[in-house]
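Enquirer: Here you go, one structure.
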Amino acid sequence: MDEEFVYRRIQKALENLPENFNVLEEQINLELQVEYFDFSHKMKTEEYRRYLKESDQLFETQTAPEEKKKILSALASSGEVEAFRTIEKYLKNPDSELKDWAVLALQESRMLLQSSLLDEQQVFISTGLGGKGQKLRYFVVFLNNSGELTDMQKKLLGDELAYVMKQNDGEVEELNTMLDFTTAVVILPIKAPLKDIFKSIIDECNQYGNFLQEDMVITNVKRLNPVEIVELLNQQRNQQTDEEEQPD
């Protein structure tokens with residue numbers, strides 16, 4: 001599917017968001033998020049009732065992790081304040097392998113409570129990188145045109161990134177320069193025009209030496225490690241080579 005088409009569809013969906021929506025702030029692997037909601041969906045009503053009665057076992061060290069998952073899912077689906085408080089209490093000292101599961105359970109419980117108290121459906125937005133308030137976190141890769149940036153170019157990119165983020169009610173959390181690319185972690189409002197924002201940064205920097213490529217990587221799924229970035233760049237180069245070799 002055409003990337004431009006997908007981008008426009010996403011932007012259109014964001015424009016129609018209600019004023020009140022919830023963003024998952026924690027950085028939780030998307031596969032685990034899918035597993036959690038599938039797991040909860042497949043639990044039967046009888047199981048929910050049973051595990052609600054066994055919530056005390058959540059705090060017992062001998063309780064198996066799989067049982068604790070079911071207890072947390074049951075508590076999250078109850079829509080009761082007491083259940084919410086129980087998950088909250090567990091999160092103060094969770095089993096390390098179940099912390100993210102408990103965070104998702106607490107978020108689900110909070111959403112049900114808010115829906116009940118406000119008498120309106122709540123919108124929940126989650127990404128792999130999480131967010132802050134009503135803003136999302138993004139991992140960004142700026143690609144160099146030729147080799148490592150000079151100290152002046154690094155400073156220029158960092159200063160311009162910080163300036164544009166501030167202008168758009170965002171912030172820079174991390175900035176790391178490497179041989180062929182620079183990575184950044186930024187926070188931006190959910191309805192921010194990403195393409196325009198980052199294009200303006202690249203255009204401004206390139207007035208002083210054309211040292212950044214127009215193409216870049218922006219994702220809110222996860223932080224890419226250097227190996228994944230290099231693999232992505234190699235795929236892009238191979239695709240460009242194949243397109244150039246195709247006869248007209």
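Going through the structure tokens in order, the chains are called A, B, and so on, while each chain numbers its residues from 1 and the ligands are numbered from 1 in the order shown.
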Name the residues in contact with A:Asn144 at a cut-off of 7 Å, using only C-alpha atoms, excluding same-chain residues fewer than 6 positions from it; report them as an NGL selection string.
Expert: :A and (180-181 or 211-213)
Enquirer: Determine which residues of stretch 8-224 of chain A DSSP labels as strand (DSSP E or B) from the backbone of this structure, then write them out as a ChimeraX atom specification.
Expert: /A:21-23,123-125,131-132,135-144,171-177,181-189,212-219
Enquirer: Record the distance separating atom CA of A:Ile202 and atom CA of A:Glu214, expressed in Å with one decimal.
Expert: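 Going from atom CA of A:Ile202 over to atom CA of A:Glu214 covers 6.8 Å.
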Enquirer: Show me, as JSON lines, the residues of stretch 89-191 of chain A having an atom within 8 Å of stretch 74-83 of chain A, each with the closest atom pair and its distance in Å, using only C-alpha atoms.
Expert:
```
{"residue": "A:Ala105", "atom": "CA", "partner": "A:Ala76", "partner_atom": "CA", "distance": 5.0}
{"residue": "A:Leu106", "atom": "CA", "partner": "A:Ala76", "partner_atom": "CA", "distance": 6.4}
{"residue": "A:Glu108", "atom": "CA", "partner": "A:Ala76", "partner_atom": "CA", "distance": 5.7}
{"residue": "A:Ser109", "atom": "CA", "partner": "A:Ala76", "partner_atom": "CA", "distance": 4.3}
{"residue": "A:Arg110", "atom": "CA", "partner": "A:Gly79", "partner_atom": "CA", "distance": 8.0}
{"residue": "A:Leu112", "atom": "CA", "partner": "A:Gly79", "partner_atom": "CA", "distance": 5.2}
{"residue": "A:Leu113", "atom": "CA", "partner": "A:Gly79", "partner_atom": "CA", "distance": 5.5}
{"residue": "A:Ser116", "atom": "CA", "partner": "A:Gly79", "partner_atom": "CA", "distance": 7.9}
```
Enquirer: Atom CA of A:Leu156 to atom CA of A:Thr177: how many Å, to one decimal?
Expert: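 That distance, rounded to one decimal, is 12.2 Å.
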Enquirer: Applying 9 Å and only C-alpha atoms, which residues near stretch 187-189 of chain A remain after dropping the ones on its own chain fewer than 2 positions away? List them as a PyMOL selection string.
Expert: chain A and resi 131-138+165+168-173+185+191-192+194
Enquirer: Give the answer as one residue: which of A:Glu231, A:Glu31, A:Asp215, A:Glu54 has the shortest atom-to-atom distance to A:Lys199, using only C-alpha atoms?
Expert: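 Closest to A:Lys199, using only C-alpha atoms: A:Asp215.
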Enquirer: How far is it from atom CA of A:Glu148 to atom CA of A:Leu224, in Å with one decimal?
Expert: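 Those two atoms sit 19.0 Å apart.
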Enquirer: With a distance cut-off of 12 Å and only C-alpha atoms, select the neighbouring residues of A:Val230, excluding the residue or stretch itself and same-chain residues fewer than 4 positions from it, and output the selection as a list in words.
Expert: Val141, Leu143, Met178, Leu179, Asp180, Phe181, Val217, Leu224, Asn225, Pro226, Asn234, Gln235, Gln236 and Arg237 of chain A
Enquirer: Restrict the selected residues to N, CA and C atoms and save them as a PDB file, in the first residue's frame.
Expert:
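Result file selection13.pdb:
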```
ATOM      1  N   VAL A 141      15.265   8.609  12.777  1.00  0.00           N
ATOM      2  CA  VAL A 141      16.606   8.405  12.231  1.00  0.00           C
ATOM      3  C   VAL A 141      16.828   9.386  11.088  1.00  0.00           C
ATOM      4  N   LEU A 143      19.314  10.523   8.155  1.00  0.00           N
ATOM      5  CA  LEU A 143      20.340   9.847   7.362  1.00  0.00           C
ATOM      6  C   LEU A 143      21.328  10.853   6.778  1.00  0.00           C
ATOM      7  N   MET A 178      25.877   8.862  14.931  1.00  0.00           N
ATOM      8  CA  MET A 178      26.711   7.717  14.575  1.00  0.00           C
ATOM      9  C   MET A 178      27.357   7.978  13.226  1.00  0.00           C
ATOM     10  N   LEU A 179      27.968   6.951  12.655  1.00  0.00           N
ATOM     11  CA  LEU A 179      28.761   7.149  11.447  1.00  0.00           C
ATOM     12  C   LEU A 179      27.930   7.634  10.262  1.00  0.00           C
ATOM     13  N   ASP A 180      26.827   6.952   9.978  1.00  0.00           N
ATOM     14  CA  ASP A 180      26.033   7.273   8.793  1.00  0.00           C
ATOM     15  C   ASP A 180      24.668   7.874   9.109  1.00  0.00           C
ATOM     16  N   PHE A 181      24.347   8.002  10.391  1.00  0.00           N
ATOM     17  CA  PHE A 181      23.018   8.506  10.743  1.00  0.00           C
ATOM     18  C   PHE A 181      23.006   9.079  12.149  1.00  0.00           C
ATOM     19  N   VAL A 217      13.626   7.969   8.825  1.00  0.00           N
ATOM     20  CA  VAL A 217      12.812   6.941   9.466  1.00  0.00           C
ATOM     21  C   VAL A 217      12.142   7.551  10.691  1.00  0.00           C
ATOM     22  N   LEU A 224      14.906   1.404  17.311  1.00  0.00           N
ATOM     23  CA  LEU A 224      15.700   0.537  16.441  1.00  0.00           C
ATOM     24  C   LEU A 224      17.149   0.543  16.912  1.00  0.00           C
ATOM     25  N   ASN A 225      17.771  -0.631  16.978  1.00  0.00           N
ATOM     26  CA  ASN A 225      19.186  -0.662  17.322  1.00  0.00           C
ATOM     27  C   ASN A 225      20.017  -0.447  16.053  1.00  0.00           C
ATOM     28  N   PRO A 226      21.320  -0.157  16.178  1.00  0.00           N
ATOM     29  CA  PRO A 226      22.157   0.132  14.999  1.00  0.00           C
ATOM     30  C   PRO A 226      22.099  -0.948  13.926  1.00  0.00           C
ATOM     31  N   ASN A 234      20.155  -0.887   4.058  1.00  0.00           N
ATOM     32  CA  ASN A 234      20.573  -1.794   2.982  1.00  0.00           C
ATOM     33  C   ASN A 234      19.386  -2.230   2.136  1.00  0.00           C
ATOM     34  N   GLN A 235      18.242  -2.483   2.783  1.00  0.00           N
ATOM     35  CA  GLN A 235      17.041  -2.843   2.046  1.00  0.00           C
ATOM     36  C   GLN A 235      16.605  -1.706   1.132  1.00  0.00           C
ATOM     37  N   GLN A 236      16.697  -0.479   1.674  1.00  0.00           N
ATOM     38  CA  GLN A 236      16.319   0.693   0.892  1.00  0.00           C
ATOM     39  C   GLN A 236      17.235   0.845  -0.324  1.00  0.00           C
ATOM     40  N   ARG A 237      18.557   0.678  -0.103  1.00  0.00           N
ATOM     41  CA  ARG A 237      19.513   0.806  -1.207  1.00  0.00           C
ATOM     42  C   ARG A 237      19.283  -0.264  -2.273  1.00  0.00           C
TER      43      ARG A 237
END
```
Enquirer: List the neighbours of A:Gly128 out to 9 Å using only C-alpha atoms; skip same-chain residues closer than 4 positions along the sequence, and give me the result as number ranges by chain.
Expert: A: 26-31, 33, 137, 220-223
Enquirer: Restricting the calculation to only C-alpha atoms: of A:Phe139, A:Phe37, A:Tyr90, A:Tyr51, which residue gets closest to A:Ala184?
Expert: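 Going through A:Phe139, A:Phe37, A:Tyr90, A:Tyr51 one by one, the smallest distance to A:Ala184 is for A:Phe139.
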Enquirer: Given the choices A:Ser126, A:Thr183, A:Asn93, A:Gln107, which gets closest to A:Lys154 if the distance is worked out from only C-alpha atoms?
Expert: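 So, comparing all the options, the nearest one is A:Thr183.
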Enquirer: Between A:Lys53, A:Gln114, A:Ala102, A:Ser96, which has the minimum distance to A:Lys69 (counting only C-alpha atoms)?
Expert: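 Distance minimum relative to A:Lys69 lands on A:Ala102.
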Enquirer: Which residue gives the smallest distance to A:Asp38 among A:Ser73, A:Pro65, A:Gly158, A:Gly130, with only C-alpha atoms counted?
Expert: A:Ser73
